[in-house]
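With mmCIF, C-alpha atoms and all ligand atoms inside, this is entry_11.cif:
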```
data_target
#
loop_
_atom_site.label_atom_id
_atom_site.label_comp_id
_atom_site.auth_asym_id
_atom_site.auth_seq_id
_atom_site.Cartn_x
_atom_site.Cartn_y
_atom_site.Cartn_z
CA MET H 137 66.86 7.46 -54.46
CA SER H 138 65.05 5.90 -51.54
CA ILE H 139 61.93 4.41 -50.02
CA GLU H 140 60.56 6.61 -47.26
CA ILE H 141 57.93 5.52 -44.80
CA ARG H 142 56.55 8.34 -42.70
CA ASP H 143 54.27 7.93 -39.68
CA LEU H 144 52.73 4.80 -41.14
CA ASN H 145 49.79 3.25 -39.33
CA TYR H 146 47.99 0.30 -40.84
CA THR H 147 44.71 -1.18 -39.69
CA TYR H 148 43.01 -4.16 -41.30
CA ALA H 149 39.22 -4.07 -41.74
CA GLU H 150 39.06 -0.56 -40.30
CA GLY H 151 35.65 0.43 -39.03
CA THR H 152 34.35 -3.14 -38.86
CA PRO H 153 34.02 -5.49 -35.84
CA PHE H 154 37.09 -7.32 -37.23
CA GLU H 155 39.28 -4.23 -37.07
CA SER H 156 42.88 -5.07 -36.19
CA ILE H 157 45.80 -2.67 -35.87
CA ALA H 158 48.85 -4.18 -37.62
CA LEU H 159 51.36 -1.28 -37.61
CA LYS H 160 51.79 1.89 -35.59
CA ASN H 161 54.05 4.94 -36.04
CA ILE H 162 56.47 3.40 -38.51
CA ASN H 163 59.21 5.71 -39.77
CA TRP H 164 61.83 4.07 -41.94
CA LYS H 165 64.09 5.21 -44.76
CA ILE H 166 65.69 2.69 -47.09
CA ILE H 167 68.41 4.27 -49.19
CA GLU H 168 69.33 2.76 -52.55
CA GLY H 169 72.16 0.25 -52.21
CA GLU H 170 71.41 -0.65 -48.59
CA MET H 171 70.58 -4.10 -47.25
CA TRP H 172 68.02 -4.39 -44.45
CA LEU H 173 66.96 -7.24 -42.23
CA LEU H 174 63.35 -6.97 -41.03
CA LEU H 175 62.73 -8.84 -37.79
CA GLY H 176 59.82 -9.45 -35.48
CA LYS H 177 57.97 -12.43 -34.12
CA THR H 178 55.14 -14.04 -36.01
CA GLY H 179 52.18 -11.70 -36.44
CA SER H 180 54.25 -8.59 -35.68
CA GLY H 181 53.41 -6.92 -39.00
CA LYS H 182 56.42 -7.66 -41.25
CA THR H 183 54.43 -8.81 -44.29
CA THR H 184 51.96 -5.96 -43.78
CA LEU H 185 54.87 -3.51 -43.80
CA ILE H 186 56.44 -4.84 -47.00
CA GLN H 187 53.08 -4.92 -48.74
CA ASN H 188 52.76 -1.23 -47.90
CA ILE H 189 56.17 -0.63 -49.46
CA ASN H 190 55.14 -1.71 -52.93
CA GLY H 191 51.58 -0.46 -52.96
CA LEU H 192 49.85 -3.80 -52.51
CA LEU H 193 48.42 -2.19 -49.39
CA ILE H 194 47.80 1.56 -49.28
CA PRO H 195 47.96 3.33 -45.92
CA LYS H 196 45.16 5.60 -44.77
CA ASN H 197 47.44 7.12 -42.16
CA GLY H 198 50.97 8.14 -42.97
CA GLU H 199 52.75 7.83 -46.28
CA VAL H 200 55.06 5.62 -48.29
CA ILE H 201 57.18 7.34 -50.92
CA VAL H 202 59.16 5.29 -53.43
CA ASP H 203 61.66 7.30 -55.46
CA GLY H 204 59.49 10.38 -55.01
CA LEU H 205 56.16 8.65 -55.82
CA LYS H 206 53.61 8.41 -53.02
CA THR H 207 51.65 5.11 -52.98
CA SER H 208 48.48 6.87 -51.80
CA ASP H 209 48.64 9.57 -54.49
CA LYS H 210 45.67 9.05 -56.82
CA ASN H 211 47.64 10.64 -59.66
CA VAL H 212 50.41 8.06 -59.41
CA ASN H 213 50.15 4.92 -61.52
CA ILE H 214 50.76 2.24 -58.89
CA LYS H 215 52.45 0.04 -61.51
CA ASP H 216 55.28 2.60 -61.67
CA ILE H 217 55.93 1.85 -57.99
CA ARG H 218 55.37 -1.90 -58.16
CA LYS H 219 57.82 -2.44 -61.00
CA ASN H 220 60.53 -0.80 -58.91
CA VAL H 221 59.83 -2.83 -55.76
CA GLY H 222 59.82 -6.58 -56.36
CA ILE H 223 58.60 -8.90 -53.63
CA VAL H 224 59.55 -12.57 -53.45
CA PHE H 225 56.71 -13.73 -51.23
CA GLN H 226 56.62 -16.20 -48.37
CA TYR H 227 56.15 -19.59 -50.12
CA PRO H 228 56.18 -17.92 -53.57
CA GLU H 229 55.61 -21.29 -55.24
CA ASN H 230 52.01 -21.17 -53.99
CA GLN H 231 51.45 -18.43 -56.54
CA PHE H 232 52.54 -20.34 -59.65
CA PHE H 233 49.66 -20.73 -62.06
CA LEU H 234 51.13 -21.11 -65.56
CA PRO H 235 52.10 -24.38 -67.30
CA THR H 236 55.79 -23.65 -67.92
CA VAL H 237 58.67 -21.96 -66.12
CA LEU H 238 59.14 -19.68 -69.17
CA GLU H 239 55.57 -18.38 -68.95
CA GLU H 240 55.88 -17.88 -65.18
CA ILE H 241 59.05 -15.81 -65.62
CA LEU H 242 57.61 -13.71 -68.45
CA TYR H 243 54.27 -13.03 -66.77
CA ALA H 244 55.24 -10.06 -64.55
CA PRO H 245 57.38 -8.16 -67.10
CA LYS H 246 54.55 -8.53 -69.62
CA ASN H 247 52.14 -7.13 -67.07
CA PHE H 248 54.42 -4.12 -66.58
CA GLY H 249 54.87 -3.68 -70.35
CA ILE H 250 58.56 -4.55 -70.12
CA GLU H 251 60.23 -6.38 -73.02
CA ILE H 252 62.84 -8.93 -72.09
CA SER H 253 65.39 -10.23 -74.61
CA LYS H 254 66.57 -13.82 -74.89
CA ASN H 255 69.99 -12.80 -73.61
CA GLU H 256 68.50 -11.05 -70.60
CA LEU H 257 66.44 -14.15 -69.86
CA LEU H 258 69.52 -16.38 -70.05
CA GLU H 259 71.40 -13.98 -67.78
CA ILE H 260 68.59 -14.14 -65.19
CA LEU H 261 68.64 -17.95 -65.30
CA LYS H 262 72.38 -17.83 -64.71
CA ILE H 263 71.95 -15.53 -61.71
CA VAL H 264 69.49 -17.91 -60.06
CA GLY H 265 71.49 -20.99 -61.05
CA LEU H 266 69.03 -22.65 -63.43
CA THR H 267 69.84 -24.03 -66.88
CA PRO H 268 67.72 -23.13 -69.97
CA GLU H 269 66.29 -26.68 -69.94
CA PHE H 270 64.17 -25.59 -66.99
CA LEU H 271 62.20 -23.16 -69.17
CA THR H 272 59.96 -25.85 -70.62
CA ARG H 273 59.39 -27.62 -67.29
CA ASN H 274 56.11 -27.43 -65.41
CA PRO H 275 56.80 -25.29 -62.31
CA PHE H 276 54.99 -27.80 -60.11
CA SER H 277 57.36 -30.59 -61.16
CA LEU H 278 60.34 -28.76 -59.61
CA SER H 279 61.97 -29.29 -56.22
CA GLY H 280 61.29 -26.76 -53.46
CA GLY H 281 64.67 -25.07 -53.97
CA GLU H 282 64.21 -24.89 -57.76
CA MET H 283 60.71 -23.42 -57.34
CA ARG H 284 62.13 -20.76 -55.06
CA ARG H 285 64.74 -19.89 -57.69
CA VAL H 286 62.07 -19.63 -60.41
CA ALA H 287 60.13 -17.27 -58.14
CA ILE H 288 63.24 -15.10 -57.76
CA ALA H 289 63.81 -15.19 -61.54
CA SER H 290 60.25 -14.02 -62.14
CA VAL H 291 60.94 -10.95 -59.99
CA LEU H 292 64.36 -10.30 -61.55
CA ALA H 293 62.67 -10.43 -64.96
CA TYR H 294 61.31 -6.89 -64.52
CA ASN H 295 64.57 -5.68 -63.02
CA PRO H 296 63.25 -3.94 -59.90
CA LYS H 297 65.63 -1.60 -58.09
CA TYR H 298 64.44 -2.73 -54.64
CA ILE H 299 63.90 -6.42 -53.90
CA VAL H 300 62.14 -7.73 -50.82
CA PHE H 301 62.56 -11.36 -49.79
CA ASP H 302 59.87 -12.47 -47.34
CA GLU H 303 61.30 -15.56 -45.58
CA PRO H 304 63.33 -16.62 -48.66
CA THR H 305 64.76 -19.80 -47.14
CA VAL H 306 61.80 -21.14 -45.20
CA GLY H 307 61.27 -24.86 -45.83
CA LEU H 308 64.61 -25.36 -47.59
CA ASP H 309 67.45 -27.61 -46.43
CA TYR H 310 70.97 -26.42 -45.69
CA ASN H 311 72.14 -26.51 -49.32
CA GLY H 312 68.95 -24.92 -50.58
CA ARG H 313 69.37 -22.09 -48.08
CA LYS H 314 73.02 -21.65 -49.01
CA LYS H 315 72.11 -21.26 -52.69
CA ILE H 316 69.49 -18.61 -51.94
CA TRP H 317 71.94 -16.61 -49.79
CA GLN H 318 74.47 -16.84 -52.61
CA ILE H 319 71.96 -15.41 -55.08
CA ILE H 320 71.14 -12.59 -52.65
CA GLU H 321 74.85 -11.90 -52.16
CA ASN H 322 75.31 -11.61 -55.94
CA LEU H 323 72.30 -9.31 -56.28
CA ARG H 324 73.72 -7.11 -53.57
CA LYS H 325 77.05 -6.96 -55.39
CA ALA H 326 75.15 -6.02 -58.55
CA GLY H 327 73.87 -2.96 -56.69
CA LYS H 328 70.33 -4.03 -55.78
CA THR H 329 68.72 -2.68 -52.64
CA ILE H 330 67.63 -5.65 -50.58
CA ILE H 331 65.23 -6.15 -47.70
CA ILE H 332 65.10 -9.58 -46.11
CA VAL H 333 62.52 -10.91 -43.70
CA THR H 334 63.96 -13.96 -42.00
CA HIS H 335 64.36 -15.67 -38.66
CA TRP H 336 67.76 -17.09 -39.70
CA ILE H 337 69.90 -14.24 -38.36
CA ASP H 338 72.91 -16.59 -38.21
CA ASP H 339 73.01 -16.82 -41.98
CA LEU H 340 73.27 -13.04 -42.23
CA ILE H 341 76.32 -12.39 -40.06
CA SER H 342 78.57 -11.99 -43.09
CA PHE H 343 76.10 -9.56 -44.74
CA LYS H 344 75.81 -7.30 -41.70
CA PRO H 345 72.56 -5.75 -42.92
CA LYS H 346 70.91 -2.86 -41.16
CA VAL H 347 68.19 -4.07 -38.81
CA LEU H 348 64.59 -3.00 -38.30
CA HIS H 349 62.86 -4.87 -35.49
CA ILE H 350 59.12 -4.63 -34.91
CA GLN H 351 57.44 -5.46 -31.64
CA ASN H 352 53.90 -4.82 -30.52
CA ARG H 353 53.27 -3.28 -33.95
CA GLU H 354 55.94 -0.60 -33.45
CA ILE H 355 59.64 -0.24 -34.21
CA SER H 356 61.69 -1.44 -31.26
CA PHE H 357 65.12 -1.20 -32.92
CA LYS H 358 66.43 0.50 -36.04
CA GLY H 359 70.13 0.59 -36.78
CA GLU H 360 73.32 -1.29 -37.51
CA PHE H 361 73.58 -5.10 -37.30
CA ASN H 362 76.44 -5.05 -34.79
CA ASP H 363 74.61 -2.57 -32.55
CA PHE H 364 71.58 -4.86 -32.62
CA ILE H 365 73.62 -7.88 -31.50
CA MET H 366 75.38 -5.72 -28.91
CA LEU H 367 72.01 -5.11 -27.22
CA GLY H 368 72.95 -8.38 -25.54
CA GLU H 369 71.14 -11.56 -24.64
CA GLU H 370 68.67 -10.06 -22.13
CA GLU H 371 67.52 -7.17 -24.34
CA LEU H 372 67.28 -9.45 -27.37
CA LYS H 373 65.27 -11.97 -25.38
CA LYS H 374 62.77 -9.20 -24.62
CA ARG H 375 62.46 -8.86 -28.39
CA SER H 376 61.82 -12.61 -28.76
CA ILE H 377 65.27 -13.19 -30.25
CA SER H 378 67.28 -16.01 -28.77
CA LEU H 379 70.98 -16.05 -29.60
CA SER H 380 72.28 -19.23 -31.21
CA GLU H 381 75.75 -20.50 -30.23
CA LYS H 382 77.13 -18.84 -33.36
CA LEU H 383 75.55 -15.49 -32.51
CA LYS H 384 76.76 -15.76 -28.90
CA LEU H 385 80.28 -16.21 -30.25
CA TYR H 386 79.77 -13.27 -32.57
CA TYR H 387 78.54 -11.19 -29.63
CA CYS H 388 81.70 -12.13 -27.67
CA SER H 389 83.92 -11.25 -30.58
CA LEU H 390 82.26 -7.83 -30.87
CA LYS H 391 82.41 -7.22 -27.14
CA ASN H 392 86.08 -8.11 -26.95
CA ASN H 393 86.84 -6.37 -30.19
CA ILE H 394 88.35 -9.38 -31.93
CA THR H 395 87.48 -10.75 -35.34
CA LEU H 396 85.48 -13.95 -35.66
CA GLU H 397 88.35 -15.49 -37.64
CA LYS H 398 90.71 -14.88 -34.73
CA LEU H 399 88.19 -16.24 -32.25
CA PHE H 400 87.99 -19.53 -34.15
CA GLN H 401 91.77 -19.89 -34.05
CA TYR H 402 91.62 -20.68 -30.32
N1 LIG H 501 44.17 -9.71 -44.44
C1 LIG H 501 44.18 -9.53 -43.10
N2 LIG H 501 43.06 -9.21 -42.45
C2 LIG H 501 43.03 -9.00 -41.10
N3 LIG H 501 44.15 -9.10 -40.32
C3 LIG H 501 45.30 -9.43 -40.93
C4 LIG H 501 45.40 -9.66 -42.35
N4 LIG H 501 46.67 -9.96 -42.66
C5 LIG H 501 47.34 -9.91 -41.49
N5 LIG H 501 46.54 -9.60 -40.46
C6 LIG H 501 46.93 -9.43 -39.05
O1 LIG H 501 47.90 -8.40 -38.95
C7 LIG H 501 48.92 -8.75 -38.05
C8 LIG H 501 50.27 -8.74 -38.75
O2 LIG H 501 50.31 -9.76 -39.73
P1 LIG H 501 51.54 -9.98 -40.71
O3 LIG H 501 51.17 -11.06 -41.67
O4 LIG H 501 51.94 -8.68 -41.26
O5 LIG H 501 52.65 -10.51 -39.68
P2 LIG H 501 54.09 -11.13 -39.95
O6 LIG H 501 55.03 -10.41 -39.07
O7 LIG H 501 54.38 -11.13 -41.41
O8 LIG H 501 53.93 -12.64 -39.43
P3 LIG H 501 54.70 -13.97 -39.89
O9 LIG H 501 56.08 -13.93 -39.30
O10 LIG H 501 53.86 -15.05 -39.29
O11 LIG H 501 54.68 -14.02 -41.40
C9 LIG H 501 48.54 -10.13 -37.50
O12 LIG H 501 47.90 -9.94 -36.26
C10 LIG H 501 47.60 -10.68 -38.52
O13 LIG H 501 46.66 -11.55 -37.94
MG MG H 502 54.81 -12.63 -42.80
#
```

Give the structure from the file, written as structure tokens.
Ligand SMILES: Nc1ncnc2c1ncn2[C@@H]1O[C@H](COP(=O)(O)OP(=O)(O)OP(=O)(O)O)[C@@H](O)[C@H]1O
Ligand SMILES: [Mg+2]
Amino acid sequence: MSIEIRDLNYTYAEGTPFESIALKNINWKIIEGEMWLLLGKTGSGKTTLIQNINGLLIPKNGEVIVDGLKTSDKNVNIKDIRKNVGIVFQYPENQFFLPTVLEEILYAPKNFGIEISKNELLEILKIVGLTPEFLTRNPFSLSGGEMRRVAIASVLAYNPKYIVFDEPTVGLDYNGRKKIWQIIENLRKAGKTIIIVTHWIDDLISFKPKVLHIQNREISFKGEFNDFIMLGEEELKKRSISLSEKLKLYYCSLKNNITLEKLFQY
């Protein structure tokens, strides 16, 4: 199974004076089980692209096919696509609107007509590292990191096959970020297909996701993580990516064909 994006072009407010082209000629195939890192500077079209993936936005040009269902097909119930592609949005806590964590978590599955048992709910809480006591809390009384974990739980609650994280660690401190990466690592191990939008490439070295980089609305790199880093400092700079000290070391280790562990021994 896969998500296939073919010749996707997306224009906001088409045909009006506010018309703005957000994406051009996007071709991308995400195969079940893969992990992808979606990169591009601010305003490059990342959120627009992921909203096209789950049918929140429907392309007029090109097509998006999720497990054989085309988002623009009038005969397809868009909910059948949306329940398979969960998105944890940028600042997801801005979208909380119910009085308790329990109601927040149960909202989306209910909307999709999916029943969730008590055991499943407890399992989800365990995955995101929250205790059952949180269920009766008001979402707005939680810390930033806890809110982020509730947002992830509310997506896991309908058990989507593909999960997109749009800037999952933005605004969190070191420990908060670490916890989120741990959750993502566990979801990956559990077989989920994961797409991450983030500027924290450093944190992803151990994941080695595939990389899609967008620049000037078009794909400027698609391929393996190591090949992306091996483009080198100059090429990456052209793509608005500056290598941190850690990534520079990683680049050296790749170039000299030695493992990072060995490099740190010196
Ligand atoms: N609802 C909208 N109406 C008109 N233009 C929009 C709309 N949403 C986004 N855009 C424009 O489309 C382009 C891509 O925006 P998008 O939000 O997809 O970028 P992004 O890569 O997610 O940026 P960021 O890293 O800041 O989140 C931008 O030029 C933006 O101004
Ligand atoms: Mg965005």

Quick one: contact table of chain H to ligand LIG 501 (chain H), 12 Å max, nearest atom pair and distance in Å to one decimal per residue, counting only C-alpha atoms and all ligand atoms, chain and number order, as JSON lines?
```
{"residue": "H:Asn145", "atom": "CA", "partner": "H:LIG501", "partner_atom": "O1", "distance": 11.8}
{"residue": "H:Tyr146", "atom": "CA", "partner": "H:LIG501", "partner_atom": "O1", "distance": 8.9}
{"residue": "H:Thr147", "atom": "CA", "partner": "H:LIG501", "partner_atom": "O1", "distance": 7.9}
{"residue": "H:Tyr148", "atom": "CA", "partner": "H:LIG501", "partner_atom": "C2", "distance": 4.8}
{"residue": "H:Ala149", "atom": "CA", "partner": "H:LIG501", "partner_atom": "C2", "distance": 6.3}
{"residue": "H:Glu150", "atom": "CA", "partner": "H:LIG501", "partner_atom": "C2", "distance": 9.4}
{"residue": "H:Thr152", "atom": "CA", "partner": "H:LIG501", "partner_atom": "C2", "distance": 10.7}
{"residue": "H:Pro153", "atom": "CA", "partner": "H:LIG501", "partner_atom": "C2", "distance": 11.0}
{"residue": "H:Phe154", "atom": "CA", "partner": "H:LIG501", "partner_atom": "C2", "distance": 7.3}
{"residue": "H:Glu155", "atom": "CA", "partner": "H:LIG501", "partner_atom": "C2", "distance": 7.3}
{"residue": "H:Ser156", "atom": "CA", "partner": "H:LIG501", "partner_atom": "N3", "distance": 5.9}
{"residue": "H:Ile157", "atom": "CA", "partner": "H:LIG501", "partner_atom": "O1", "distance": 6.8}
{"residue": "H:Ala158", "atom": "CA", "partner": "H:LIG501", "partner_atom": "O1", "distance": 4.5}
{"residue": "H:Leu159", "atom": "CA", "partner": "H:LIG501", "partner_atom": "C8", "distance": 7.6}
{"residue": "H:Lys160", "atom": "CA", "partner": "H:LIG501", "partner_atom": "C8", "distance": 11.2}
{"residue": "H:Leu174", "atom": "CA", "partner": "H:LIG501", "partner_atom": "O6", "distance": 9.2}
{"residue": "H:Leu175", "atom": "CA", "partner": "H:LIG501", "partner_atom": "O6", "distance": 8.0}
{"residue": "H:Gly176", "atom": "CA", "partner": "H:LIG501", "partner_atom": "O6", "distance": 6.1}
{"residue": "H:Lys177", "atom": "CA", "partner": "H:LIG501", "partner_atom": "O9", "distance": 5.7}
{"residue": "H:Thr178", "atom": "CA", "partner": "H:LIG501", "partner_atom": "O9", "distance": 3.4}
{"residue": "H:Gly179", "atom": "CA", "partner": "H:LIG501", "partner_atom": "O5", "distance": 3.5}
{"residue": "H:Ser180", "atom": "CA", "partner": "H:LIG501", "partner_atom": "O6", "distance": 3.9}
{"residue": "H:Gly181", "atom": "CA", "partner": "H:LIG501", "partner_atom": "O4", "distance": 3.2}
{"residue": "H:Lys182", "atom": "CA", "partner": "H:LIG501", "partner_atom": "O6", "distance": 3.8}
{"residue": "H:Thr183", "atom": "CA", "partner": "H:LIG501", "partner_atom": "O7", "distance": 3.7}
{"residue": "H:Thr184", "atom": "CA", "partner": "H:LIG501", "partner_atom": "O4", "distance": 3.7}
{"residue": "H:Leu185", "atom": "CA", "partner": "H:LIG501", "partner_atom": "O4", "distance": 6.5}
{"residue": "H:Ile186", "atom": "CA", "partner": "H:LIG501", "partner_atom": "O4", "distance": 8.2}
{"residue": "H:Gln187", "atom": "CA", "partner": "H:LIG501", "partner_atom": "O4", "distance": 8.4}
{"residue": "H:Asn188", "atom": "CA", "partner": "H:LIG501", "partner_atom": "O4", "distance": 10.0}
{"residue": "H:Leu192", "atom": "CA", "partner": "H:LIG501", "partner_atom": "N1", "distance": 11.5}
{"residue": "H:Leu193", "atom": "CA", "partner": "H:LIG501", "partner_atom": "N1", "distance": 10.0}
{"residue": "H:Phe225", "atom": "CA", "partner": "H:LIG501", "partner_atom": "O11", "distance": 10.0}
{"residue": "H:Gln226", "atom": "CA", "partner": "H:LIG501", "partner_atom": "O11", "distance": 7.6}
{"residue": "H:Tyr227", "atom": "CA", "partner": "H:LIG501", "partner_atom": "O11", "distance": 10.5}
{"residue": "H:Phe301", "atom": "CA", "partner": "H:LIG501", "partner_atom": "O7", "distance": 11.7}
{"residue": "H:Asp302", "atom": "CA", "partner": "H:LIG501", "partner_atom": "O11", "distance": 8.0}
{"residue": "H:Glu303", "atom": "CA", "partner": "H:LIG501", "partner_atom": "O11", "distance": 8.0}
{"residue": "H:Pro304", "atom": "CA", "partner": "H:LIG501", "partner_atom": "O11", "distance": 11.6}
{"residue": "H:Val306", "atom": "CA", "partner": "H:LIG501", "partner_atom": "O11", "distance": 10.8}
{"residue": "H:Ile332", "atom": "CA", "partner": "H:LIG501", "partner_atom": "O7", "distance": 11.8}
{"residue": "H:Val333", "atom": "CA", "partner": "H:LIG501", "partner_atom": "O9", "distance": 8.4}
{"residue": "H:Thr334", "atom": "CA", "partner": "H:LIG501", "partner_atom": "O9", "distance": 8.3}
{"residue": "H:His335", "atom": "CA", "partner": "H:LIG501", "partner_atom": "O9", "distance": 8.5}
{"residue": "H:His349", "atom": "CA", "partner": "H:LIG501", "partner_atom": "O6", "distance": 10.2}
{"residue": "H:Ile350", "atom": "CA", "partner": "H:LIG501", "partner_atom": "O6", "distance": 8.2}
{"residue": "H:Gln351", "atom": "CA", "partner": "H:LIG501", "partner_atom": "O6", "distance": 9.2}
{"residue": "H:Asn352", "atom": "CA", "partner": "H:LIG501", "partner_atom": "O12", "distance": 9.8}
{"residue": "H:Arg353", "atom": "CA", "partner": "H:LIG501", "partner_atom": "C8", "distance": 7.9}
{"residue": "H:Glu354", "atom": "CA", "partner": "H:LIG501", "partner_atom": "C8", "distance": 11.2}
```

- [ ] Figure out the distance between atom CA of Lys382 of chain H and atom CA of Pro228 of chain H, please, to one decimal in Å.
- [x] 29.1 Å

If we count all atoms listed in the file, what is near Lys215 of chain H at a cut-off of 10 Å, once residues fewer than 5 positions away on the same chain are taken out, given as a PDB file with C-alpha atoms, in the coordinates of the input?
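Full text of selection.pdb as output:
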```pdb
ATOM      1  CA  ASN H 190      55.140  -1.710 -52.930  1.00  0.00           C
ATOM      2  CA  GLY H 191      51.580  -0.460 -52.960  1.00  0.00           C
ATOM      3  CA  THR H 207      51.650   5.110 -52.980  1.00  0.00           C
ATOM      4  CA  ASN H 220      60.530  -0.800 -58.910  1.00  0.00           C
ATOM      5  CA  VAL H 221      59.830  -2.830 -55.760  1.00  0.00           C
ATOM      6  CA  ASN H 247      52.140  -7.130 -67.070  1.00  0.00           C
ATOM      7  CA  PHE H 248      54.420  -4.120 -66.580  1.00  0.00           C
ATOM      8  CA  GLY H 249      54.870  -3.680 -70.350  1.00  0.00           C
TER       9      GLY H 249
END
```

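Among H:Leu242, H:Ile194, H:Lys344, H:Glu229, the residue with the shortest atom-to-atom distance to Ile214 of chain H, counting all atoms listed in the file, is H:Ile194.
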
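Nearest to Tyr294 of chain H of all the residues H:Glu369, H:Glu239, H:Asp143, H:Glu256 is H:Glu256, counting only C-alpha atoms.
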
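Comparing H:Val300, H:Ile263, H:Val291, H:Ile141 by their smallest distance to ligand MG 502 (chain H), the closest is H:Val300 (using all atoms listed in the file).
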
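Distances to Ala293 of chain H were evaluated for H:Val224, H:Ala244, H:Ile319, H:Ile201 using all atoms listed in the file, and the minimum falls at H:Ala244.
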